[in-house]
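Visitor: Attaching a single structure in structure tokens format; questions to follow.
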Amino acid sequence: MNLRDNFNRFITKRAIILFSIFIIINILANIPSQNHTTEILSHFKLHYFYIGIIFSITFLYLSTFNRKFVLGIIVSILIILMNFSDLRPYFFQTNYNIINQNTLKLGLYNVLTSNNKYNILLEEIKKENPDIIILQEVDRYWLLGVSELKKQYPYYIEQERDDNFGIALYSKFPFINSKIEEWTEYDLPVANAKIDINGREIQIYGVHTLPPLQKEYFLIRNEMLKQINEIINNHSKNLIIAGDFNTTAFSPAYKRYIKSTNINDAQTISGNIHEGSWNTYHLPILRITVEHILSTRDITPIEYKQGKFFGSDHFPVFVEFAI
């Protein structure tokens, strides 16, 4: 037996085993029912797409000496297409020709409560110069560390907490009204402000959901997504919602409560799919996006980008809107 035969036998056995596991994972990842264990698999559609391409190339090679592997090619292509159906909007960026429009720039920062690199964050804000800032996971030390923001952003609401769910919203534009709402039985703070932006009233929410690490948290997170759904359905215009939703756009819960509505998702419109906002400490290929910035159709996202690392496990996200 020559070297090529040994190589083919080595690949064949492992390809069949790994591909069988890959098929099971994809089936579970596409189950529409909401389950906190299988939902984890739904977040990696981009990874499955590229792995499917690798499998199709592998089976194409193996089919040159055994035609039964044509079936592997067919199945892998079906998996590629199944995942691409979710990914398609991200591969084709929407280009808007916005002329002579007012713009609004929003910066979303999940600061990580245990992080103390306040000055780096302040430098990033100074560089990006957003009009609206939403900070998540702020405690009293964070609010003290960034207190100089109030000079440039004189309109603000803050709610400190020591459990990674404090929140703050800062604005260059005056508030018409503002409040910290408490959502769910966990009294999770949500920043809600109606802001006068050059004579136009825009409602802005800053939301941070529970991470679905256990069934109870999963249900609470979905309850918050349902509340977001209700807010969207009650606002046909002049609405922006931003935050760490602790889910990607591919989960059944996100599809049910967010994607099903008539709302702009800035990440989708930008075609941004290869940059994940979380976790900054992972390799880029392993990151996923759990930050979401949504707006009603009258507020058009014209630029979406991630900021630089400032010590948090999340990258900041910036969106510029034409309003």
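The chains in the structure tokens are called A, B, ... from first to last as shown; in each chain the residues are counted from 1, and the ligands are counted from 1 in the order shown.
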Show me, as a list in words, the residues that have an atom within 6 Å of Asn192 of chain A when counting only C-alpha atoms, minus same-chain residues fewer than 4 positions from it.

Guide: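 Returned residues: Ser178, Lys179, Ile204 and Tyr205 of chain A.
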
Visitor: Using only C-alpha atoms, which residues of segment 88-130 of chain A come within 12 Å of segment 240-257 of chain A, and what is the closest atom pair for each, with the distance in Å to one decimal? Give it as CSV, sorted by chain and residue number.

Guide:
residue,atom,partner,partner_atom,distance
A:Arg88,CA,A:Phe250,CA,11.9
A:Pro89,CA,A:Ala249,CA,11.3
A:Tyr90,CA,A:Ala249,CA,10.9
A:Leu104,CA,A:Ile240,CA,10.9
A:Lys105,CA,A:Ile240,CA,11.5
A:Leu106,CA,A:Ala242,CA,8.9
A:Gly107,CA,A:Ala242,CA,9.2
A:Leu108,CA,A:Gly243,CA,6.9
A:Tyr109,CA,A:Gly243,CA,8.5
A:Asn110,CA,A:Asp244,CA,7.4
A:Val111,CA,A:Asp244,CA,11.1
A:Leu112,CA,A:Asp244,CA,11.7

Visitor: Next, dump the selected residues to file, keeping only N, CA and C atoms, as a PDB file, in the first residue's frame.

Guide:
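Output file again.pdb follows:
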ATOM      1  N   ARG A  88     -26.907  35.593   4.353  1.00  0.00           N
ATOM      2  CA  ARG A  88     -26.969  36.342   3.096  1.00  0.00           C
ATOM      3  C   ARG A  88     -27.025  37.855   3.278  1.00  0.00           C
ATOM      4  N   PRO A  89     -27.854  38.397   4.185  1.00  0.00           N
ATOM      5  CA  PRO A  89     -27.911  39.864   4.303  1.00  0.00           C
ATOM      6  C   PRO A  89     -26.575  40.496   4.682  1.00  0.00           C
ATOM      7  N   TYR A  90     -25.725  39.752   5.373  1.00  0.00           N
ATOM      8  CA  TYR A  90     -24.447  40.292   5.834  1.00  0.00           C
ATOM      9  C   TYR A  90     -23.382  40.309   4.746  1.00  0.00           C
ATOM     10  N   LEU A 104     -26.648  61.423  13.383  1.00  0.00           N
ATOM     11  CA  LEU A 104     -26.553  61.177  14.812  1.00  0.00           C
ATOM     12  C   LEU A 104     -25.643  59.973  15.003  1.00  0.00           C
ATOM     13  N   LYS A 105     -24.623  60.112  15.840  1.00  0.00           N
ATOM     14  CA  LYS A 105     -23.690  59.013  16.089  1.00  0.00           C
ATOM     15  C   LYS A 105     -23.877  58.492  17.505  1.00  0.00           C
ATOM     16  N   LEU A 106     -24.062  57.174  17.617  1.00  0.00           N
ATOM     17  CA  LEU A 106     -24.262  56.527  18.912  1.00  0.00           C
ATOM     18  C   LEU A 106     -23.117  55.572  19.188  1.00  0.00           C
ATOM     19  N   GLY A 107     -22.600  55.623  20.413  1.00  0.00           N
ATOM     20  CA  GLY A 107     -21.553  54.707  20.843  1.00  0.00           C
ATOM     21  C   GLY A 107     -22.061  53.822  21.962  1.00  0.00           C
ATOM     22  N   LEU A 108     -21.893  52.512  21.798  1.00  0.00           N
ATOM     23  CA  LEU A 108     -22.344  51.533  22.784  1.00  0.00           C
ATOM     24  C   LEU A 108     -21.131  50.842  23.377  1.00  0.00           C
ATOM     25  N   TYR A 109     -20.983  50.929  24.698  1.00  0.00           N
ATOM     26  CA  TYR A 109     -19.810  50.380  25.379  1.00  0.00           C
ATOM     27  C   TYR A 109     -20.259  49.466  26.524  1.00  0.00           C
ATOM     28  N   ASN A 110     -19.932  48.203  26.435  1.00  0.00           N
ATOM     29  CA  ASN A 110     -20.041  47.308  27.592  1.00  0.00           C
ATOM     30  C   ASN A 110     -18.669  47.323  28.248  1.00  0.00           C
ATOM     31  N   VAL A 111     -18.566  48.000  29.390  1.00  0.00           N
ATOM     32  CA  VAL A 111     -17.249  48.351  29.924  1.00  0.00           C
ATOM     33  C   VAL A 111     -16.588  47.235  30.725  1.00  0.00           C
ATOM     34  N   LEU A 112     -17.372  46.224  31.163  1.00  0.00           N
ATOM     35  CA  LEU A 112     -16.916  45.159  32.065  1.00  0.00           C
ATOM     36  C   LEU A 112     -16.626  45.770  33.439  1.00  0.00           C
TER      37      LEU A 112
END

Visitor: Please run DSSP on the backbone and report, as a VMD selection string, all residues within segment 24-250 of chain A that come out as helix (DSSP H, G or I).

Guide: chain A and resid 24 to 29 39 to 42 45 to 62 67 to 91 118 to 128 140 to 145 149 to 152 215 to 233

Visitor: Using DSSP assignments from the backbone, pull out every residue in segment 7-189 of chain A that falls under strand (DSSP E or B) and give it to me as number ranges by chain.

Guide: A: 103-110, 132-136, 155-159, 167-171, 175-183, 188-189

Visitor: Deliver the residues from the most recent selection as a file, using N, CA and C atoms, as a short mmCIF file (atom, residue, chain, number, x, y, z; two decimals), in the first residue's frame.

Guide:
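out34.cif written:
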data_model
loop_
_atom_site.label_atom_id
_atom_site.label_comp_id
_atom_site.auth_asym_id
_atom_site.auth_seq_id
_atom_site.Cartn_x
_atom_site.Cartn_y
_atom_site.Cartn_z
N THR A 103 -27.18 63.98 10.91
CA THR A 103 -26.69 62.68 11.35
C THR A 103 -26.59 62.63 12.87
N LEU A 104 -26.65 61.42 13.38
CA LEU A 104 -26.55 61.18 14.81
C LEU A 104 -25.64 59.97 15.00
N LYS A 105 -24.62 60.11 15.84
CA LYS A 105 -23.69 59.01 16.09
C LYS A 105 -23.88 58.49 17.51
N LEU A 106 -24.06 57.17 17.62
CA LEU A 106 -24.26 56.53 18.91
C LEU A 106 -23.12 55.57 19.19
N GLY A 107 -22.60 55.62 20.41
CA GLY A 107 -21.55 54.71 20.84
C GLY A 107 -22.06 53.82 21.96
N LEU A 108 -21.89 52.51 21.80
CA LEU A 108 -22.34 51.53 22.78
C LEU A 108 -21.13 50.84 23.38
N TYR A 109 -20.98 50.93 24.70
CA TYR A 109 -19.81 50.38 25.38
C TYR A 109 -20.26 49.47 26.52
N ASN A 110 -19.93 48.20 26.43
CA ASN A 110 -20.04 47.31 27.59
C ASN A 110 -18.67 47.32 28.25
N ILE A 132 -24.38 60.37 21.29
CA ILE A 132 -25.06 59.65 22.36
C ILE A 132 -24.13 58.52 22.81
N ILE A 133 -24.02 58.32 24.12
CA ILE A 133 -23.19 57.24 24.66
C ILE A 133 -24.06 56.39 25.59
N ILE A 134 -23.96 55.08 25.42
CA ILE A 134 -24.59 54.15 26.35
C ILE A 134 -23.47 53.30 26.96
N LEU A 135 -23.36 53.34 28.29
CA LEU A 135 -22.39 52.53 29.01
C LEU A 135 -23.13 51.43 29.77
N GLN A 136 -22.62 50.22 29.68
CA GLN A 136 -23.23 49.09 30.37
C GLN A 136 -22.22 48.46 31.33
N TYR A 155 -26.35 66.08 29.49
CA TYR A 155 -27.64 65.43 29.73
C TYR A 155 -27.38 63.93 29.92
N TYR A 156 -27.80 63.40 31.07
CA TYR A 156 -27.44 62.02 31.35
C TYR A 156 -28.37 61.41 32.39
N ILE A 157 -28.43 60.08 32.37
CA ILE A 157 -29.06 59.30 33.44
C ILE A 157 -28.12 58.15 33.77
N GLU A 158 -28.02 57.83 35.05
CA GLU A 158 -27.07 56.81 35.50
C GLU A 158 -27.72 55.90 36.53
N GLN A 159 -27.39 54.65 36.49
CA GLN A 159 -27.82 53.69 37.51
C GLN A 159 -26.67 52.74 37.78
N ILE A 167 -26.12 50.81 34.34
CA ILE A 167 -26.26 51.39 32.99
C ILE A 167 -26.25 52.91 33.08
N ALA A 168 -25.78 53.55 32.01
CA ALA A 168 -25.75 55.01 31.95
C ALA A 168 -25.93 55.45 30.51
N LEU A 169 -26.60 56.56 30.33
CA LEU A 169 -26.80 57.13 28.99
C LEU A 169 -26.44 58.61 29.05
N TYR A 170 -25.57 59.06 28.14
CA TYR A 170 -25.10 60.43 28.08
C TYR A 170 -25.42 61.02 26.71
N SER A 171 -25.78 62.31 26.70
CA SER A 171 -26.19 62.93 25.45
C SER A 171 -25.69 64.36 25.34
N PHE A 175 -32.54 66.31 27.01
CA PHE A 175 -33.60 65.35 27.28
C PHE A 175 -34.95 66.08 27.35
N ILE A 176 -35.95 65.50 26.76
CA ILE A 176 -37.33 65.94 26.99
C ILE A 176 -37.83 65.28 28.27
N ASN A 177 -37.53 64.01 28.39
CA ASN A 177 -37.76 63.29 29.64
C ASN A 177 -36.84 62.08 29.66
N SER A 178 -36.60 61.54 30.84
CA SER A 178 -35.72 60.38 30.95
C SER A 178 -36.03 59.64 32.23
N LYS A 179 -35.74 58.34 32.24
CA LYS A 179 -35.95 57.55 33.44
C LYS A 179 -35.19 56.24 33.33
N ILE A 180 -34.93 55.65 34.47
CA ILE A 180 -34.40 54.30 34.54
C ILE A 180 -35.57 53.36 34.83
N GLU A 181 -35.86 52.49 33.88
CA GLU A 181 -36.92 51.51 34.08
C GLU A 181 -36.32 50.24 34.69
N GLU A 182 -37.14 49.48 35.36
CA GLU A 182 -36.70 48.21 35.92
C GLU A 182 -37.52 47.09 35.28
N TRP A 183 -36.82 46.23 34.57
CA TRP A 183 -37.49 45.17 33.81
C TRP A 183 -37.33 43.83 34.52
N LEU A 188 -33.87 44.64 36.39
CA LEU A 188 -32.72 45.01 35.56
C LEU A 188 -32.94 46.41 34.99
N PRO A 189 -31.98 47.33 35.21
CA PRO A 189 -32.18 48.72 34.79
C PRO A 189 -32.08 48.88 33.27
#

Visitor: Could you pull the residues within 12 Å of Ser270 of chain A, counting only C-alpha atoms, minus those fewer than 5 positions along the same chain, as a list of chain:residue names?

Guide: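 After dropping sequence-adjacent residues, the list is A:Pro89, A:Tyr90, A:Phe91, A:Phe92, A:Gln93, A:Thr94, A:Asn95, A:Tyr96, A:Asn264, A:Asp265, A:Glu275, A:Ile293, A:Thr300, A:Pro301, A:Ile302, A:Glu303, A:Tyr304, A:Lys305, A:Gln306, A:Phe318, A:Val319, A:Glu320, A:Phe321.
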
Visitor: Grab the residues selected above and save them as an mmCIF file, in the first residue's frame with C-alpha atoms.

Guide:
data_model
loop_
_atom_site.group_PDB
_atom_site.id
_atom_site.type_symbol
_atom_site.label_atom_id
_atom_site.label_comp_id
_atom_site.auth_asym_id
_atom_site.auth_seq_id
_atom_site.Cartn_x
_atom_site.Cartn_y
_atom_site.Cartn_z
ATOM 1 C CA PRO A 89 -27.911 39.864 4.303
ATOM 2 C CA TYR A 90 -24.447 40.292 5.834
ATOM 3 C CA PHE A 91 -22.607 39.467 2.638
ATOM 4 C CA PHE A 92 -24.318 42.206 0.644
ATOM 5 C CA GLN A 93 -23.894 45.610 2.207
ATOM 6 C CA THR A 94 -26.672 48.130 1.703
ATOM 7 C CA ASN A 95 -25.379 51.393 0.270
ATOM 8 C CA TYR A 96 -27.444 54.508 0.950
ATOM 9 C CA ASN A 264 -33.376 48.271 11.054
ATOM 10 C CA ASP A 265 -30.513 46.196 12.445
ATOM 11 C CA GLU A 275 -16.154 41.049 13.199
ATOM 12 C CA ILE A 293 -28.259 48.710 17.596
ATOM 13 C CA THR A 300 -31.185 54.981 8.604
ATOM 14 C CA PRO A 301 -27.856 53.470 9.736
ATOM 15 C CA ILE A 302 -25.197 54.764 7.342
ATOM 16 C CA GLU A 303 -22.062 53.577 9.141
ATOM 17 C CA TYR A 304 -21.395 50.713 11.539
ATOM 18 C CA LYS A 305 -18.016 49.912 13.034
ATOM 19 C CA GLN A 306 -16.333 48.385 16.056
ATOM 20 C CA PHE A 318 -20.548 52.788 16.849
ATOM 21 C CA VAL A 319 -23.401 53.537 14.492
ATOM 22 C CA GLU A 320 -24.006 56.771 12.606
ATOM 23 C CA PHE A 321 -27.595 57.417 11.569
#

Visitor: Find the spatial neighbours of Arg297 of chain A, counting only C-alpha atoms, within a cut-off of 12 Å - ignore same-chain residues fewer than 6 positions away - and output them as a ChimeraX atom specification.

Guide: /A:232,235-240,261-266,269,321-323

Visitor: Can those selected residues be exported to a file as a PDB file, in the first residue's frame so that it contains N, CA and C atoms?

Guide:
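What ended up in selection-v9.pdb:
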ATOM      1  N   ILE A 232     -40.999  48.069  19.968  1.00  0.00           N
ATOM      2  CA  ILE A 232     -40.882  48.271  18.518  1.00  0.00           C
ATOM      3  C   ILE A 232     -42.256  48.343  17.869  1.00  0.00           C
ATOM      4  N   HIS A 235     -43.930  51.679  18.251  1.00  0.00           N
ATOM      5  CA  HIS A 235     -43.262  52.843  17.668  1.00  0.00           C
ATOM      6  C   HIS A 235     -43.029  52.599  16.182  1.00  0.00           C
ATOM      7  N   SER A 236     -43.683  53.358  15.356  1.00  0.00           N
ATOM      8  CA  SER A 236     -43.452  53.228  13.914  1.00  0.00           C
ATOM      9  C   SER A 236     -42.307  54.115  13.442  1.00  0.00           C
ATOM     10  N   LYS A 237     -41.890  55.058  14.297  1.00  0.00           N
ATOM     11  CA  LYS A 237     -40.790  55.947  13.924  1.00  0.00           C
ATOM     12  C   LYS A 237     -40.151  56.531  15.185  1.00  0.00           C
ATOM     13  N   ASN A 238     -39.009  57.212  14.965  1.00  0.00           N
ATOM     14  CA  ASN A 238     -38.314  57.957  16.038  1.00  0.00           C
ATOM     15  C   ASN A 238     -37.902  57.076  17.214  1.00  0.00           C
ATOM     16  N   LEU A 239     -37.356  55.889  16.920  1.00  0.00           N
ATOM     17  CA  LEU A 239     -36.975  54.963  17.978  1.00  0.00           C
ATOM     18  C   LEU A 239     -35.606  54.356  17.692  1.00  0.00           C
ATOM     19  N   ILE A 240     -34.742  54.334  18.717  1.00  0.00           N
ATOM     20  CA  ILE A 240     -33.463  53.631  18.668  1.00  0.00           C
ATOM     21  C   ILE A 240     -33.357  52.774  19.932  1.00  0.00           C
ATOM     22  N   THR A 261     -39.772  41.870  13.302  1.00  0.00           N
ATOM     23  CA  THR A 261     -40.378  43.202  13.331  1.00  0.00           C
ATOM     24  C   THR A 261     -39.869  44.051  12.167  1.00  0.00           C
ATOM     25  N   ASN A 262     -40.498  45.199  12.003  1.00  0.00           N
ATOM     26  CA  ASN A 262     -40.120  46.132  10.943  1.00  0.00           C
ATOM     27  C   ASN A 262     -39.088  47.108  11.501  1.00  0.00           C
ATOM     28  N   ILE A 263     -37.876  46.603  11.709  1.00  0.00           N
ATOM     29  CA  ILE A 263     -36.828  47.396  12.375  1.00  0.00           C
ATOM     30  C   ILE A 263     -35.517  47.270  11.609  1.00  0.00           C
ATOM     31  N   ASN A 264     -34.732  48.331  11.617  1.00  0.00           N
ATOM     32  CA  ASN A 264     -33.376  48.271  11.054  1.00  0.00           C
ATOM     33  C   ASN A 264     -32.432  47.652  12.078  1.00  0.00           C
ATOM     34  N   ASP A 265     -31.617  46.717  11.635  1.00  0.00           N
ATOM     35  CA  ASP A 265     -30.513  46.196  12.445  1.00  0.00           C
ATOM     36  C   ASP A 265     -29.236  46.707  11.798  1.00  0.00           C
ATOM     37  N   ALA A 266     -28.530  47.593  12.488  1.00  0.00           N
ATOM     38  CA  ALA A 266     -27.386  48.286  11.878  1.00  0.00           C
ATOM     39  C   ALA A 266     -26.316  47.314  11.403  1.00  0.00           C
ATOM     40  N   ILE A 269     -27.470  45.748   8.036  1.00  0.00           N
ATOM     41  CA  ILE A 269     -27.422  46.706   6.934  1.00  0.00           C
ATOM     42  C   ILE A 269     -25.983  46.993   6.523  1.00  0.00           C
ATOM     43  N   PHE A 321     -26.282  57.451  12.206  1.00  0.00           N
ATOM     44  CA  PHE A 321     -27.595  57.417  11.569  1.00  0.00           C
ATOM     45  C   PHE A 321     -27.828  58.694  10.762  1.00  0.00           C
ATOM     46  N   ALA A 322     -28.576  58.548   9.682  1.00  0.00           N
ATOM     47  CA  ALA A 322     -29.161  59.712   8.993  1.00  0.00           C
ATOM     48  C   ALA A 322     -30.571  59.865   9.523  1.00  0.00           C
ATOM     49  N   ILE A 323     -30.856  61.033  10.072  1.00  0.00           N
ATOM     50  CA  ILE A 323     -32.183  61.246  10.670  1.00  0.00           C
ATOM     51  C   ILE A 323     -32.909  62.388   9.988  1.00  0.00           C
TER      52      ILE A 323
END

Visitor: Find the distance between atom CA of Asn116 of chain A and atom CA of Asp162 of chain A and write it in Å to one decimal.

Guide: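 Taking atom CA of Asn116 of chain A as the start and atom CA of Asp162 of chain A as the end point, the length is 13.8 Å.
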
Visitor: If I take atom CA of Gly199 of chain A and atom CA of Gln152 of chain A, how far is one from the other in Å, to one decimal?

Guide: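 It comes out at 19.9 Å.
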
Visitor: Applying 12 Å and only C-alpha atoms, which residues near Tyr118 of chain A remain after dropping the ones on its own chain fewer than 6 positions away? List them as a PDB file with N, CA and C atoms, in the first residue's frame.

Guide:
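Contents of the output file around03.pdb:
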ATOM      1  N   TYR A 109     -20.983  50.929  24.698  1.00  0.00           N
ATOM      2  CA  TYR A 109     -19.810  50.380  25.379  1.00  0.00           C
ATOM      3  C   TYR A 109     -20.259  49.466  26.524  1.00  0.00           C
ATOM      4  N   VAL A 111     -18.566  48.000  29.390  1.00  0.00           N
ATOM      5  CA  VAL A 111     -17.249  48.351  29.924  1.00  0.00           C
ATOM      6  C   VAL A 111     -16.588  47.235  30.725  1.00  0.00           C
ATOM      7  N   LEU A 112     -17.372  46.224  31.163  1.00  0.00           N
ATOM      8  CA  LEU A 112     -16.916  45.159  32.065  1.00  0.00           C
ATOM      9  C   LEU A 112     -16.626  45.770  33.439  1.00  0.00           C
ATOM     10  N   GLU A 124     -10.983  56.859  23.851  1.00  0.00           N
ATOM     11  CA  GLU A 124     -11.740  56.299  22.727  1.00  0.00           C
ATOM     12  C   GLU A 124     -12.973  57.145  22.427  1.00  0.00           C
ATOM     13  N   ILE A 125     -13.649  57.586  23.475  1.00  0.00           N
ATOM     14  CA  ILE A 125     -14.828  58.436  23.282  1.00  0.00           C
ATOM     15  C   ILE A 125     -14.432  59.765  22.651  1.00  0.00           C
ATOM     16  N   LEU A 135     -23.360  53.342  28.286  1.00  0.00           N
ATOM     17  CA  LEU A 135     -22.388  52.533  29.012  1.00  0.00           C
ATOM     18  C   LEU A 135     -23.129  51.430  29.768  1.00  0.00           C
ATOM     19  N   VAL A 138     -21.783  49.408  34.514  1.00  0.00           N
ATOM     20  CA  VAL A 138     -21.117  50.434  35.329  1.00  0.00           C
ATOM     21  C   VAL A 138     -21.477  50.276  36.806  1.00  0.00           C
ATOM     22  N   TYR A 141     -17.567  52.958  40.836  1.00  0.00           N
ATOM     23  CA  TYR A 141     -16.193  53.300  40.459  1.00  0.00           C
ATOM     24  C   TYR A 141     -16.129  53.739  38.992  1.00  0.00           C
ATOM     25  N   TRP A 142     -16.891  53.076  38.164  1.00  0.00           N
ATOM     26  CA  TRP A 142     -16.934  53.471  36.757  1.00  0.00           C
ATOM     27  C   TRP A 142     -17.558  54.862  36.598  1.00  0.00           C
ATOM     28  N   LEU A 143     -18.628  55.111  37.305  1.00  0.00           N
ATOM     29  CA  LEU A 143     -19.278  56.412  37.175  1.00  0.00           C
ATOM     30  C   LEU A 143     -18.369  57.536  37.664  1.00  0.00           C
ATOM     31  N   LEU A 144     -17.557  57.261  38.692  1.00  0.00           N
ATOM     32  CA  LEU A 144     -16.565  58.239  39.133  1.00  0.00           C
ATOM     33  C   LEU A 144     -15.445  58.377  38.103  1.00  0.00           C
ATOM     34  N   GLY A 145     -15.034  57.237  37.526  1.00  0.00           N
ATOM     35  CA  GLY A 145     -13.919  57.239  36.586  1.00  0.00           C
ATOM     36  C   GLY A 145     -14.203  57.973  35.295  1.00  0.00           C
ATOM     37  N   VAL A 146     -15.477  58.052  34.903  1.00  0.00           N
ATOM     38  CA  VAL A 146     -15.822  58.718  33.635  1.00  0.00           C
ATOM     39  C   VAL A 146     -16.649  59.977  33.895  1.00  0.00           C
ATOM     40  N   SER A 147     -16.603  60.497  35.104  1.00  0.00           N
ATOM     41  CA  SER A 147     -17.454  61.641  35.471  1.00  0.00           C
ATOM     42  C   SER A 147     -17.187  62.871  34.613  1.00  0.00           C
ATOM     43  N   GLU A 148     -15.977  62.977  34.043  1.00  0.00           N
ATOM     44  CA  GLU A 148     -15.685  64.158  33.210  1.00  0.00           C
ATOM     45  C   GLU A 148     -16.497  64.173  31.918  1.00  0.00           C
ATOM     46  N   LEU A 149     -17.141  63.043  31.591  1.00  0.00           N
ATOM     47  CA  LEU A 149     -18.014  63.018  30.412  1.00  0.00           C
ATOM     48  C   LEU A 149     -19.126  64.056  30.514  1.00  0.00           C
ATOM     49  N   PHE A 310     -10.386  48.210  24.981  1.00  0.00           N
ATOM     50  CA  PHE A 310     -10.103  49.129  26.083  1.00  0.00           C
ATOM     51  C   PHE A 310     -10.142  48.410  27.433  1.00  0.00           C
ATOM     52  N   GLY A 311      -9.915  47.096  27.410  1.00  0.00           N
ATOM     53  CA  GLY A 311      -9.863  46.344  28.646  1.00  0.00           C
ATOM     54  C   GLY A 311     -11.094  45.518  28.939  1.00  0.00           C
ATOM     55  N   SER A 312     -12.161  45.731  28.191  1.00  0.00           N
ATOM     56  CA  SER A 312     -13.391  44.989  28.399  1.00  0.00           C
ATOM     57  C   SER A 312     -13.376  43.699  27.590  1.00  0.00           C
TER      58      SER A 312
END
